[in-house]
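What's in structure.cif: mmCIF, C-alpha atoms and all ligand atoms
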```cif
data_input
loop_
_atom_site.label_atom_id
_atom_site.label_comp_id
_atom_site.auth_asym_id
_atom_site.auth_seq_id
_atom_site.Cartn_x
_atom_site.Cartn_y
_atom_site.Cartn_z
CA MET Z 683 15.57 -14.02 -14.41
CA SER Z 684 16.71 -13.63 -17.98
CA LEU Z 685 18.26 -10.37 -19.20
CA MET Z 686 19.11 -9.30 -15.70
CA SER Z 687 22.53 -7.85 -16.18
CA GLY Z 688 24.15 -6.27 -19.16
CA ILE Z 689 24.49 -3.10 -21.17
CA THR Z 690 22.01 -2.75 -24.03
CA ARG Z 691 22.41 -0.84 -27.29
CA THR Z 692 20.82 2.20 -25.64
CA GLY Z 693 23.63 2.37 -23.07
CA LEU Z 694 21.34 1.26 -20.29
CA GLU Z 695 22.69 -1.30 -17.86
CA TRP Z 696 19.98 -3.57 -16.47
CA SER Z 697 20.32 -5.18 -13.06
CA SER Z 698 18.09 -7.18 -10.83
CA LEU Z 699 17.62 -5.39 -7.49
CA ASP Z 700 18.59 -8.40 -5.48
CA PRO Z 701 19.82 -7.69 -1.93
CA ALA Z 702 21.82 -10.95 -2.04
CA SER Z 703 23.82 -10.01 -5.16
CA ARG Z 704 27.52 -9.11 -5.10
CA ASP Z 705 27.08 -5.39 -5.89
CA ALA Z 706 23.78 -5.06 -4.00
CA ALA Z 707 24.93 -2.28 -1.66
CA GLU Z 708 25.84 0.06 -4.53
CA ILE Z 709 22.71 -0.71 -6.56
CA VAL Z 710 20.38 -0.35 -3.57
CA ALA Z 711 22.02 2.98 -2.65
CA GLY Z 712 21.49 4.18 -6.24
CA TRP Z 713 17.87 3.04 -6.14
CA LEU Z 714 17.26 4.92 -2.86
CA THR Z 715 18.77 8.06 -4.40
CA LEU Z 716 16.48 7.67 -7.41
CA LEU Z 717 13.45 7.31 -5.11
CA ALA Z 718 14.42 10.36 -3.03
CA GLU Z 719 15.19 12.57 -6.04
CA SER Z 720 12.08 11.53 -7.98
CA ALA Z 721 9.64 11.57 -5.08
CA ASP Z 722 6.24 13.09 -5.70
CA ARG Z 723 6.07 15.74 -2.96
CA SER Z 724 2.75 17.19 -4.02
CA GLY Z 725 0.01 17.47 -1.42
CA ASN Z 726 0.52 15.42 1.72
CA THR Z 727 2.60 12.64 0.13
CA PRO Z 728 5.55 11.79 2.41
CA PRO Z 729 9.02 11.09 1.03
CA PRO Z 730 9.80 7.39 0.67
CA CYS Z 731 11.11 5.90 3.93
CA PRO Z 732 14.49 4.20 3.22
CA VAL Z 733 13.99 1.57 5.96
CA ASP Z 734 10.62 0.67 4.50
CA MET Z 735 11.92 0.51 0.94
CA VAL Z 736 15.01 -1.57 1.76
CA GLY Z 737 12.83 -3.88 3.88
CA SER Z 738 10.46 -4.32 0.95
CA LEU Z 739 13.25 -5.99 -1.03
CA ARG Z 740 13.28 -8.91 1.40
CA PHE Z 741 9.72 -8.94 2.73
CA ALA Z 742 6.97 -9.21 0.12
CA PRO Z 743 3.26 -9.06 0.99
CA PRO Z 744 1.66 -12.48 1.68
CA ASP Z 745 1.09 -14.68 -1.37
CA THR Z 746 2.98 -12.25 -3.61
CA GLU Z 747 6.35 -12.50 -5.34
CA LEU Z 748 8.21 -9.29 -6.19
CA GLU Z 749 10.67 -8.70 -9.02
CA ASP Z 750 12.68 -5.49 -8.89
CA VAL Z 751 14.84 -4.20 -11.72
CA VAL Z 752 16.88 -1.03 -12.04
CA VAL Z 753 18.49 0.55 -15.08
CA ARG Z 754 21.73 2.49 -14.84
CA ARG Z 755 23.29 4.89 -17.27
CA ASP Z 756 26.89 5.96 -16.77
CA GLY Z 757 26.75 4.19 -13.43
CA ARG Z 758 23.78 6.16 -12.14
CA VAL Z 759 20.43 4.51 -11.43
CA VAL Z 760 17.97 6.31 -13.73
CA GLY Z 761 14.97 3.97 -13.71
CA ALA Z 762 13.27 1.34 -11.59
CA LEU Z 763 10.54 -1.21 -12.07
CA ARG Z 764 8.79 -3.34 -9.44
CA LEU Z 765 6.56 -6.15 -10.63
CA ALA Z 766 4.28 -7.90 -8.15
CA LEU Z 767 3.05 -11.41 -8.93
CA PRO Z 768 0.00 -12.29 -6.84
CA ALA Z 769 -0.22 -16.07 -6.42
CA GLY Z 770 -2.59 -17.74 -8.85
CA ALA Z 771 -3.61 -14.52 -10.67
CA PRO Z 772 -3.33 -14.13 -14.46
CA VAL Z 773 -1.81 -10.66 -14.12
CA ILE Z 774 1.44 -8.98 -13.16
CA ARG Z 775 0.93 -5.78 -11.16
CA VAL Z 776 3.26 -2.85 -11.84
CA ASP Z 777 3.87 -1.47 -8.35
CA GLN Z 778 6.66 0.92 -9.30
CA LEU Z 779 7.66 2.36 -12.68
CA LEU Z 780 9.92 5.31 -12.21
CA VAL Z 781 12.34 7.31 -14.32
CA HIS Z 782 14.60 10.00 -12.85
CA PRO Z 783 13.40 13.51 -13.80
CA VAL Z 784 16.65 14.26 -15.64
CA ALA Z 785 16.27 11.12 -17.77
CA ARG Z 786 12.64 11.44 -18.84
CA ARG Z 787 11.33 11.54 -22.45
CA GLN Z 788 14.26 9.43 -23.65
CA GLY Z 789 12.42 6.13 -23.95
CA ILE Z 790 13.46 4.62 -20.61
CA GLY Z 791 9.84 4.34 -19.46
CA ARG Z 792 8.97 2.48 -22.65
CA ALA Z 793 11.96 0.17 -22.15
CA LEU Z 794 10.78 -0.66 -18.62
CA VAL Z 795 7.29 -1.50 -19.94
CA ALA Z 796 8.83 -3.70 -22.67
CA HIS Z 797 10.72 -5.56 -19.95
CA ALA Z 798 7.50 -6.01 -17.95
CA VAL Z 799 5.70 -7.33 -21.03
CA GLY Z 800 8.53 -9.83 -21.52
CA ARG Z 801 8.02 -11.11 -17.98
CA LEU Z 802 4.35 -11.90 -18.75
CA ALA Z 803 5.31 -14.71 -21.14
CA GLU Z 804 8.02 -15.88 -18.76
CA HIS Z 805 5.43 -16.29 -15.98
CA GLY Z 806 2.56 -17.49 -18.20
CA ARG Z 807 0.43 -14.45 -17.37
CA THR Z 808 -1.66 -12.37 -19.74
CA SER Z 809 -1.86 -8.72 -18.62
CA LEU Z 810 -0.04 -5.99 -16.78
CA THR Z 811 -2.09 -3.95 -14.33
CA ALA Z 812 -1.27 -0.62 -12.72
CA THR Z 813 -3.12 1.98 -10.67
CA LEU Z 814 -3.08 5.63 -11.74
CA SER Z 815 -4.42 8.68 -9.93
CA ALA Z 816 -7.24 10.78 -11.35
CA PRO Z 817 -8.70 14.00 -9.94
CA VAL Z 818 -11.85 14.10 -7.81
CA PRO Z 819 -14.21 17.12 -7.80
CA GLY Z 820 -12.79 19.76 -5.47
CA GLY Z 821 -9.59 17.77 -5.00
CA PRO Z 822 -6.01 18.64 -5.91
CA VAL Z 823 -4.70 18.91 -9.46
CA VAL Z 824 -3.23 15.59 -10.64
CA ASP Z 825 -0.10 15.34 -12.78
CA GLU Z 826 -1.19 14.13 -16.22
CA THR Z 827 2.18 12.59 -17.13
CA PRO Z 828 1.41 9.05 -15.90
CA SER Z 829 -1.89 8.94 -17.85
CA ALA Z 830 -0.24 10.28 -21.00
CA PHE Z 831 2.52 7.70 -20.63
CA ALA Z 832 0.05 4.87 -19.96
CA ALA Z 833 -1.92 5.82 -23.09
CA ALA Z 834 1.30 6.00 -25.12
CA VAL Z 835 2.27 2.43 -24.18
CA GLY Z 836 -1.23 1.10 -24.90
CA ALA Z 837 -2.62 0.69 -21.37
CA LEU Z 838 -6.40 1.00 -21.06
CA SER Z 839 -8.24 2.58 -18.15
CA VAL Z 840 -10.77 0.22 -16.57
CA ALA Z 841 -12.60 2.56 -14.19
CA GLY Z 842 -15.46 0.75 -12.44
CA GLU Z 843 -15.52 -1.95 -9.77
CA GLY Z 844 -11.79 -1.65 -9.10
CA THR Z 845 -11.71 2.13 -8.68
CA GLY Z 846 -10.44 3.32 -5.31
CA LEU Z 847 -10.86 6.58 -3.42
CA HIS Z 848 -7.72 7.88 -1.73
CA GLN Z 849 -8.40 10.17 1.27
CA TRP Z 850 -6.40 12.22 3.76
CA LEU Z 851 -7.16 13.35 7.31
CA ASP Z 852 -5.19 16.37 8.53
CA LEU Z 853 -5.47 16.43 12.32
CA ALA Z 854 -4.24 20.03 12.39
CA GLU Z 855 -7.32 21.04 10.39
CA HIS Z 856 -9.83 18.76 12.04
CA ASP Z 857 -9.55 16.86 15.31
CA PRO Z 858 -12.12 14.06 15.39
CA LEU Z 859 -11.18 13.37 19.03
CA ALA Z 860 -12.02 16.90 20.20
CA ASP Z 861 -15.14 15.54 21.94
CA GLY Z 862 -13.35 12.46 23.23
CA VAL Z 863 -13.67 8.83 22.24
CA PRO Z 864 -17.26 7.60 21.69
CA ALA Z 865 -18.85 5.09 24.10
CA VAL Z 866 -18.83 1.38 23.28
CA PRO Z 867 -22.35 -0.01 22.58
CA PRO Z 868 -23.71 -2.42 25.23
CA GLY Z 869 -22.80 -6.07 24.63
CA TYR Z 870 -19.36 -5.28 23.24
CA ARG Z 871 -15.93 -4.56 24.69
CA LEU Z 872 -12.78 -3.18 23.09
CA VAL Z 873 -9.34 -4.73 22.98
CA THR Z 874 -6.19 -3.01 21.77
CA TRP Z 875 -2.86 -4.33 20.60
CA GLY Z 876 0.25 -3.09 18.79
CA THR Z 877 2.20 -4.55 15.87
CA VAL Z 878 1.88 -8.21 16.85
CA THR Z 879 -1.62 -9.71 16.95
CA PRO Z 880 -2.25 -11.65 20.18
CA ASP Z 881 -2.52 -15.43 19.55
CA GLU Z 882 -6.16 -15.44 20.60
CA TYR Z 883 -7.14 -13.10 17.74
CA ALA Z 884 -4.73 -14.12 14.96
CA VAL Z 885 -7.09 -16.53 13.20
CA ALA Z 886 -10.12 -14.22 13.66
CA VAL Z 887 -8.19 -11.27 12.23
CA SER Z 888 -7.14 -13.37 9.21
CA SER Z 889 -10.67 -14.57 8.65
CA LEU Z 890 -12.20 -11.06 8.96
CA GLU Z 891 -9.60 -9.58 6.64
CA GLN Z 892 -9.90 -12.21 3.92
CA SER Z 893 -13.70 -12.33 3.94
CA LEU Z 894 -14.02 -8.56 4.57
CA GLY Z 895 -16.44 -9.50 7.31
CA GLY Z 896 -18.96 -11.17 5.01
CA GLY Z 897 -19.58 -14.67 3.73
CA PRO Z 898 -19.00 -17.90 5.60
CA GLU Z 899 -16.39 -18.25 8.33
CA LEU Z 900 -13.09 -19.40 6.88
CA PRO Z 901 -11.73 -22.64 8.31
CA ASP Z 902 -9.23 -22.11 11.12
CA GLU Z 903 -5.63 -22.35 10.07
CA GLU Z 904 -2.64 -22.93 12.27
CA ILE Z 905 -2.00 -19.57 13.95
CA GLU Z 906 1.62 -19.60 12.77
CA THR Z 907 0.55 -19.78 9.15
CA SER Z 908 -2.41 -17.43 9.37
CA TYR Z 909 -2.71 -14.46 7.03
CA ALA Z 910 -2.30 -12.06 9.95
CA ARG Z 911 1.01 -13.65 10.93
CA ARG Z 912 2.37 -13.55 7.38
CA PHE Z 913 1.27 -9.93 6.95
CA GLU Z 914 2.90 -9.04 10.26
CA LYS Z 915 6.16 -10.62 9.17
CA MET Z 916 6.24 -8.32 6.14
CA ARG Z 917 5.32 -5.29 8.24
CA ILE Z 918 8.05 -5.92 10.81
CA GLY Z 919 10.58 -6.72 8.07
CA ARG Z 920 9.87 -3.29 6.59
CA GLY Z 921 10.40 -1.56 9.94
CA ARG Z 922 6.77 -0.60 10.27
CA ARG Z 923 4.84 -0.44 13.51
CA ALA Z 924 1.10 -0.68 13.98
CA TYR Z 925 -1.78 0.05 16.34
CA HIS Z 926 -4.92 -2.05 16.44
CA THR Z 927 -8.28 -1.85 18.16
CA GLY Z 928 -10.64 -4.80 18.07
CA VAL Z 929 -14.19 -5.22 19.31
CA VAL Z 930 -15.27 -8.41 21.06
CA HIS Z 931 -18.90 -9.54 21.10
CA GLU Z 932 -19.31 -10.37 24.79
CA ALA Z 933 -22.02 -13.04 24.45
CA SER Z 934 -20.05 -15.16 21.98
CA GLY Z 935 -16.54 -14.06 22.96
CA LYS Z 936 -15.77 -13.63 19.26
CA LEU Z 937 -13.82 -10.81 17.63
CA ALA Z 938 -16.52 -8.90 15.72
CA GLY Z 939 -14.19 -6.46 14.01
CA TYR Z 940 -10.91 -4.63 14.14
CA THR Z 941 -9.05 -1.66 12.66
CA SER Z 942 -5.40 -0.96 11.99
CA ILE Z 943 -3.17 2.12 11.77
CA SER Z 944 0.44 1.58 10.70
CA LYS Z 945 3.43 3.74 10.02
CA THR Z 946 6.93 3.54 8.69
CA THR Z 947 10.11 4.13 10.70
CA GLY Z 948 10.52 7.53 9.01
CA ASN Z 949 8.01 10.32 8.49
CA PRO Z 950 6.82 10.82 12.09
CA GLU Z 951 3.85 12.96 10.96
CA HIS Z 952 2.42 10.34 8.59
CA ALA Z 953 0.48 7.13 9.12
CA LEU Z 954 -1.75 4.81 7.16
CA GLN Z 955 -5.30 4.05 8.24
CA GLY Z 956 -5.37 0.47 7.02
CA MET Z 957 -7.97 -2.29 7.20
CA THR Z 958 -11.19 -1.68 9.13
CA VAL Z 959 -13.66 -4.53 9.12
CA VAL Z 960 -16.78 -5.30 11.13
CA HIS Z 961 -18.36 -8.71 10.60
CA ALA Z 962 -21.67 -8.51 8.68
CA THR Z 963 -23.64 -9.83 11.68
CA HIS Z 964 -22.42 -6.96 13.90
CA ARG Z 965 -22.95 -4.02 11.56
CA GLY Z 966 -25.36 -1.17 12.31
CA HIS Z 967 -24.19 -0.51 15.91
CA GLY Z 968 -21.66 2.20 15.10
CA LEU Z 969 -18.78 -0.15 15.87
CA GLY Z 970 -16.69 1.01 12.89
CA ARG Z 971 -16.62 4.59 14.21
CA VAL Z 972 -15.91 3.49 17.78
CA ILE Z 973 -12.95 1.30 16.86
CA LYS Z 974 -11.51 3.80 14.37
CA LEU Z 975 -11.58 6.70 16.85
CA THR Z 976 -10.35 4.59 19.77
CA ASN Z 977 -7.49 3.38 17.61
CA LEU Z 978 -6.64 6.89 16.47
CA ASP Z 979 -6.51 7.92 20.13
CA GLN Z 980 -4.16 5.01 20.86
CA ALA Z 981 -1.90 5.82 17.90
CA ARG Z 982 -1.74 9.51 18.76
CA ARG Z 983 -0.71 8.84 22.32
CA ALA Z 984 2.14 6.65 21.09
CA GLU Z 985 3.07 8.90 18.14
CA PRO Z 986 2.82 12.50 19.36
CA ALA Z 987 3.97 13.95 16.01
CA LEU Z 988 1.20 12.19 14.08
CA ARG Z 989 -0.73 14.67 11.92
CA LEU Z 990 -1.59 13.16 8.54
CA LEU Z 991 -3.42 9.89 7.97
CA GLU Z 992 -4.11 8.47 4.56
CA THR Z 993 -6.54 5.76 3.66
CA ALA Z 994 -8.16 4.24 0.58
CA ASN Z 995 -11.41 2.40 -0.02
CA ALA Z 996 -13.23 0.93 -2.97
CA ALA Z 997 -15.00 3.94 -4.49
CA HIS Z 998 -18.33 2.08 -4.22
CA ASN Z 999 -17.90 1.43 -0.47
CA THR Z 1000 -20.27 4.24 0.48
CA PRO Z 1001 -20.71 3.27 4.16
CA MET Z 1002 -16.95 3.39 4.85
CA ILE Z 1003 -16.41 6.56 2.79
CA GLU Z 1004 -19.25 8.30 4.69
CA LEU Z 1005 -17.78 7.16 7.99
CA ASN Z 1006 -14.38 8.51 6.95
CA ALA Z 1007 -15.93 11.83 5.91
CA ALA Z 1008 -17.64 12.10 9.31
CA ILE Z 1009 -14.25 11.54 10.98
CA GLY Z 1010 -12.73 14.30 8.80
CA PHE Z 1011 -11.07 12.45 5.92
CA ARG Z 1012 -11.21 14.42 2.67
CA PRO Z 1013 -11.24 12.83 -0.82
CA ASP Z 1014 -7.89 13.34 -2.54
CA THR Z 1015 -7.79 11.31 -5.76
CA HIS Z 1016 -9.43 8.38 -7.49
CA TRP Z 1017 -7.22 5.35 -8.06
CA ILE Z 1018 -8.07 3.94 -11.48
CA PRO Z 1019 -6.92 0.47 -12.56
CA HIS Z 1020 -5.27 0.25 -15.99
CA HIS Z 1021 -4.58 -2.90 -17.99
CA LEU Z 1022 -2.09 -3.59 -20.71
CA THR Z 1023 -2.69 -6.80 -22.64
CA PRO Z 1024 -0.06 -7.19 -25.36
N1 LIG L 1 3.59 14.43 -21.19
C1 LIG L 1 2.97 13.84 -22.24
N2 LIG L 1 3.30 12.59 -22.68
C2 LIG L 1 4.29 11.95 -22.05
C3 LIG L 1 4.97 12.53 -20.97
C4 LIG L 1 4.59 13.82 -20.54
N3 LIG L 1 5.20 14.45 -19.51
N4 LIG L 1 5.91 11.64 -20.54
C5 LIG L 1 5.81 10.57 -21.35
N5 LIG L 1 4.84 10.74 -22.26
C6 LIG L 1 4.39 9.81 -23.28
C7 LIG L 1 4.89 10.26 -24.65
O1 LIG L 1 3.98 9.78 -25.63
C8 LIG L 1 6.21 9.52 -24.76
O2 LIG L 1 6.64 9.36 -26.09
P1 LIG L 1 7.47 10.56 -26.83
O3 LIG L 1 8.50 11.04 -25.85
O4 LIG L 1 8.02 9.87 -28.00
O5 LIG L 1 6.46 11.61 -27.13
C9 LIG L 1 5.85 8.20 -24.15
O6 LIG L 1 5.00 8.52 -23.06
C10 LIG L 1 7.04 7.37 -23.68
O7 LIG L 1 7.88 8.19 -22.91
P2 LIG L 1 9.23 7.66 -22.24
O8 LIG L 1 10.35 8.59 -22.60
O9 LIG L 1 9.44 6.22 -22.55
O10 LIG L 1 8.85 7.80 -20.69
P3 LIG L 1 9.80 8.29 -19.52
O11 LIG L 1 11.09 7.58 -19.56
O12 LIG L 1 9.83 9.77 -19.52
O13 LIG L 1 8.98 7.76 -18.23
C11 LIG L 1 7.27 7.97 -16.56
C12 LIG L 1 7.61 8.06 -18.05
C13 LIG L 1 7.67 6.59 -16.03
C14 LIG L 1 5.76 8.14 -16.40
C15 LIG L 1 8.03 9.09 -15.82
O14 LIG L 1 7.50 10.35 -16.19
C16 LIG L 1 8.00 8.98 -14.31
O15 LIG L 1 8.84 8.31 -13.72
N6 LIG L 1 7.00 9.63 -13.67
C17 LIG L 1 6.83 9.53 -12.21
C18 LIG L 1 6.41 8.12 -11.82
C19 LIG L 1 5.09 7.71 -12.45
O16 LIG L 1 4.18 8.48 -12.62
N7 LIG L 1 4.96 6.41 -12.77
C20 LIG L 1 3.70 5.85 -13.24
C21 LIG L 1 3.83 5.43 -14.64
S1 LIG L 1 2.31 4.85 -15.33
C22 LIG L 1 2.19 3.21 -15.01
O17 LIG L 1 2.59 2.75 -13.99
C23 LIG L 1 1.53 2.38 -16.04
#
```
Conversion result in structure tokens:
Amino acid sequence: MSLMSGITRTGLEWSSLDPASRDAAEIVAGWLTLLAESADRSGNTPPPCPVDMVGSLRFAPPDTELEDVVVRRDGRVVGALRLALPAGAPVIRVDQLLVHPVARRQGIGRALVAHAVGRLAEHGRTSLTATLSAPVPGGPVVDETPSAFAAAVGALSVAGEGTGLHQWLDLAEHDPLADGVPAVPPGYRLVTWGTVTPDEYAVAVSSLEQSLGGGPELPDEEIETSYARRFEKMRIGRGRRAYHTGVVHEASGKLAGYTSISKTTGNPEHALQGMTVVHATHRGHGLGRVIKLTNLDQARRAEPALRLLETANAAHNTPMIELNAAIGFRPDTHWIPHHLTP
């Protein structure tokens, strides 16, 4: 990295957030303090889990490189920027852009964006992308600061195909398991597993996830190098644990779909309803609902404090959003992609 350490004319000291660097312990501690003190605690949002965040410095998502930078003023970490570089994409994704509440409206946010823009040329990429929240009808009020800031730095909203719908399920308000777990349709059987995918399903899980259950079968990879294995490595490195339920088509013996709930080491009440996918040839039998509810049952037994599940889907994915609504998920916010092309 270029400018990665040094005090600028504005009195800001820039450092790469590199866990292998000499003063890593002090910088990482300052970064964690920044995250805790700046955390958005509106609605159901949990505080950042320190184990998860520290783990994220060493374990990036598959096929993605992360660059983390912090800025200090008078020795205190007052800003942080995480850039994600998906392999082969023309963009850099801004995954974190944060300024401490006591240091806002002093140009630090703009300085972080200028740094990100500089990294575009360095990596031969053309645009920055970021996701911002927007209100949904009947949903909570959304802080307008990020949108005002994005507009001020020249980022454009590109609502459309890429828009997501963020949803929450509060089990204290609605228990979708009150009537028990639904029956499995004839011709199928369920399998459950935890954080580590059994060898026999690792390639099928990778293929289902990457094709989202449609299109041609992907060629088998070595299990060790499969997407599922690389994703798992990141999850374990971040101290997360997971619960999975899959459905096997008995006639073919193939995995027809699966669903995943994961959670961080901290925040015992919170979990993430992650990927749910049923292969196109097995849709229309209610399998999505069966695997989601069976998996929720499994996760709840193992995590008795579990109360709040969040999930997100493409806003145009009506079948999954309707299924979520039937389970009790409520729309929270839209996630709108923004682009900045200098
Ligand atoms: N209301 C209206 N406009 C604002 C506000 C606000 N609260 N905050 C910033 N702006 C606009 C203004 O035009 C401002 O220029 P001005 O102060 O000369 O009027 C301009 O943005 C630049 O402001 P900075 O001082 O550079 O921004 P700051 O250091 O305060 O950081 C940030 C802004 C990062 C959004 C901060 O408020 C924050 O950390 N919020 C929580 C995290 C967050 O929402 N991050 C998402 C950022 S958006 C993205 O990722 C593209």
Pick out the residues sitting within 10 Å of segment 1015-1024 of chain Z, and hand them over as a ChimeraX atom specification; count only C-alpha atoms, and ignore anything fewer than 2 positions along from it in its own chain.
/Z:773-776,795-796,799-800,802,807-824,829,832-833,835-850,994-997,1012-1013
Hey, what's within 10 Å of segment 922-928 of chain Z if we count only C-alpha atoms and toss same-chain stuff fewer than 5 positions away? As a PyMOL selection string, please?
chain Z and resi 733-734+737+871-879+883+887+914+916-917+937-948+953-960+969-970+972-982+984
Contacts of ligand LIG 1 (chain L), 6 Å or closer, all atoms listed in the file, given as a compact mmCIF listing (two decimals) with C-alpha atoms, in the frame of the given file:
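Writing done, so here's part_13.txt:
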```txt
# COMPACT_ATOMS: atom_id res chain seq x y z
CA LEU Z 779 7.66 2.36 -12.68
CA LEU Z 780 9.92 5.31 -12.21
CA VAL Z 781 12.34 7.31 -14.32
CA ARG Z 786 12.64 11.44 -18.84
CA ARG Z 787 11.33 11.54 -22.45
CA GLN Z 788 14.26 9.43 -23.65
CA GLY Z 789 12.42 6.13 -23.95
CA ILE Z 790 13.46 4.62 -20.61
CA GLY Z 791 9.84 4.34 -19.46
CA ARG Z 792 8.97 2.48 -22.65
CA ALA Z 812 -1.27 -0.62 -12.72
CA THR Z 827 2.18 12.59 -17.13
CA PRO Z 828 1.41 9.05 -15.90
CA ALA Z 830 -0.24 10.28 -21.00
CA PHE Z 831 2.52 7.70 -20.63
CA ALA Z 832 0.05 4.87 -19.96
CA ALA Z 834 1.30 6.00 -25.12
```
For atom CA of Asp745 of chain Z and atom CA of Phe913 of chain Z, determine how far apart the two atoms are, in Å to one decimal place.
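Atom-to-atom, atom CA of Asp745 of chain Z to atom CA of Phe913 of chain Z, that is 9.6 Å.
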By how many Å are atom CA of Ala766 of chain Z and atom CA of Glu747 of chain Z apart?
5.8 Å
Any idea what the distance is between atom CA of Pro728 of chain Z and atom CA of Asn949 of chain Z?
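According to the coordinates, atom CA of Pro728 of chain Z and atom CA of Asn949 of chain Z are separated by 6.7 Å.
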Nearest residue to Thr715 of chain Z out of Z:Ala884, Z:Cys731, Z:Ala1007, Z:Leu794, using only C-alpha atoms?
Z:Cys731
Taking all atoms listed in the file into account, name the residue in Z:Pro701, Z:Pro783, Z:Gly712, Z:Gly806 that is nearest to Asp756 of chain Z.
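When distances to Asp756 of chain Z are compared using all atoms listed in the file, the smallest one comes from Z:Gly712.
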Give me the residues near Leu717 of chain Z as an MDAnalysis selection string, where near means some atom within 10 Å (using all atoms listed in the file) and where sequence neighbours in that chain fewer than 4 positions away do not count.
chainID Z and resid 711:713 721:722 729:732 735 759:762 780:782
Need to verify the contact set: Leu748 of chain Z, 7 Å, only C-alpha atoms, exclusion of same-chain residues closer than 3 positions in sequence. Can you return it as a ChimeraX atom specification?
/Z:742,764-767
Six-sided padding of 5 Å per side, axis-aligned box over segment 772-786 of chain Z, centre and edges in Å, one decimal, as lines of an AutoDock Vina configuration file:
```
center_x = 6.7
center_y = 0.1
center_z = -13.6
size_x = 30.0
size_y = 38.4
size_z = 20.5
```
Which neighbours of Val751 of chain Z fall inside 7 Å, counting all atoms listed in the file, when residues of the same chain fewer than 2 positions from it are skipped, and could you give them as a list of chain:residue names?
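The contact residues come out as Z:Ser697, Z:Ser698, Z:Leu699, Z:Glu749, Z:Val753, Z:Ala762, Z:Leu763, Z:Arg764.
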Output C-alpha atoms for every residue in that selection, as a short mmCIF file (atom, residue, chain, number, x, y, z; two decimals), keeping the file's coordinate frame.
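The resulting file, result05.cif, is reproduced below:
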```cif
data_model
loop_
_atom_site.label_atom_id
_atom_site.label_comp_id
_atom_site.auth_asym_id
_atom_site.auth_seq_id
_atom_site.Cartn_x
_atom_site.Cartn_y
_atom_site.Cartn_z
CA SER Z 697 20.32 -5.18 -13.06
CA SER Z 698 18.09 -7.18 -10.83
CA LEU Z 699 17.62 -5.39 -7.49
CA GLU Z 749 10.67 -8.70 -9.02
CA VAL Z 753 18.49 0.55 -15.08
CA ALA Z 762 13.27 1.34 -11.59
CA LEU Z 763 10.54 -1.21 -12.07
CA ARG Z 764 8.79 -3.34 -9.44
#
```
Pick from Z:His952, Z:Val930, Z:Leu694, Z:Glu891, whichever lies nearest to Ala793 of chain Z using all atoms listed in the file
Z:Leu694
Kindly provide, as an MDAnalysis selection string, the polymer residues lying within 10 Å of (-15.0, 16.2, 8.8), counting all atoms listed in the file and using the coordinates exactly as they appear in the file.
chainID Z and resid 851:852 855:858 1004:1012
Can you spit out the residues from that selection as a PDB file, keeping the file's coordinate frame, using C-alpha atoms?
```pdb
ATOM      1  CA  LEU Z 851      -7.160  13.350   7.310  1.00  0.00           C
ATOM      2  CA  ASP Z 852      -5.190  16.370   8.530  1.00  0.00           C
ATOM      3  CA  GLU Z 855      -7.320  21.040  10.390  1.00  0.00           C
ATOM      4  CA  HIS Z 856      -9.830  18.760  12.040  1.00  0.00           C
ATOM      5  CA  ASP Z 857      -9.550  16.860  15.310  1.00  0.00           C
ATOM      6  CA  PRO Z 858     -12.120  14.060  15.390  1.00  0.00           C
ATOM      7  CA  GLU Z1004     -19.250   8.300   4.690  1.00  0.00           C
ATOM      8  CA  LEU Z1005     -17.780   7.160   7.990  1.00  0.00           C
ATOM      9  CA  ASN Z1006     -14.380   8.510   6.950  1.00  0.00           C
ATOM     10  CA  ALA Z1007     -15.930  11.830   5.910  1.00  0.00           C
ATOM     11  CA  ALA Z1008     -17.640  12.100   9.310  1.00  0.00           C
ATOM     12  CA  ILE Z1009     -14.250  11.540  10.980  1.00  0.00           C
ATOM     13  CA  GLY Z1010     -12.730  14.300   8.800  1.00  0.00           C
ATOM     14  CA  PHE Z1011     -11.070  12.450   5.920  1.00  0.00           C
ATOM     15  CA  ARG Z1012     -11.210  14.420   2.670  1.00  0.00           C
TER      16      ARG Z1012
END
```
Which is closer to Val710 of chain Z than all the others in Z:Thr692, Z:Ala865, Z:Val752, Z:Pro743, using only C-alpha atoms?
Z:Val752
How would segment 925-930 of chain Z look with N, CA and C atoms restored, written as a PDB file, in the coordinates of the input?
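Once everything was written out, this is rebuild14.pdb:
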```pdb
ATOM      1  N   TYR Z 925      -0.864  -0.083  15.191  1.00  0.00           N
ATOM      2  CA  TYR Z 925      -1.780   0.050  16.340  1.00  0.00           C
ATOM      3  C   TYR Z 925      -3.111  -0.552  15.913  1.00  0.00           C
ATOM      4  N   HIS Z 926      -3.663  -1.378  16.770  1.00  0.00           N
ATOM      5  CA  HIS Z 926      -4.920  -2.050  16.440  1.00  0.00           C
ATOM      6  C   HIS Z 926      -5.926  -1.875  17.565  1.00  0.00           C
ATOM      7  N   THR Z 927      -7.192  -1.760  17.187  1.00  0.00           N
ATOM      8  CA  THR Z 927      -8.280  -1.850  18.160  1.00  0.00           C
ATOM      9  C   THR Z 927      -9.288  -2.848  17.613  1.00  0.00           C
ATOM     10  N   GLY Z 928      -9.648  -3.809  18.459  1.00  0.00           N
ATOM     11  CA  GLY Z 928     -10.640  -4.800  18.070  1.00  0.00           C
ATOM     12  C   GLY Z 928     -11.870  -4.663  18.957  1.00  0.00           C
ATOM     13  N   VAL Z 929     -12.972  -5.235  18.483  1.00  0.00           N
ATOM     14  CA  VAL Z 929     -14.190  -5.220  19.310  1.00  0.00           C
ATOM     15  C   VAL Z 929     -14.650  -6.669  19.480  1.00  0.00           C
ATOM     16  N   VAL Z 930     -14.861  -7.044  20.741  1.00  0.00           N
ATOM     17  CA  VAL Z 930     -15.270  -8.410  21.060  1.00  0.00           C
ATOM     18  C   VAL Z 930     -16.756  -8.410  21.399  1.00  0.00           C
TER      19      VAL Z 930
END
```
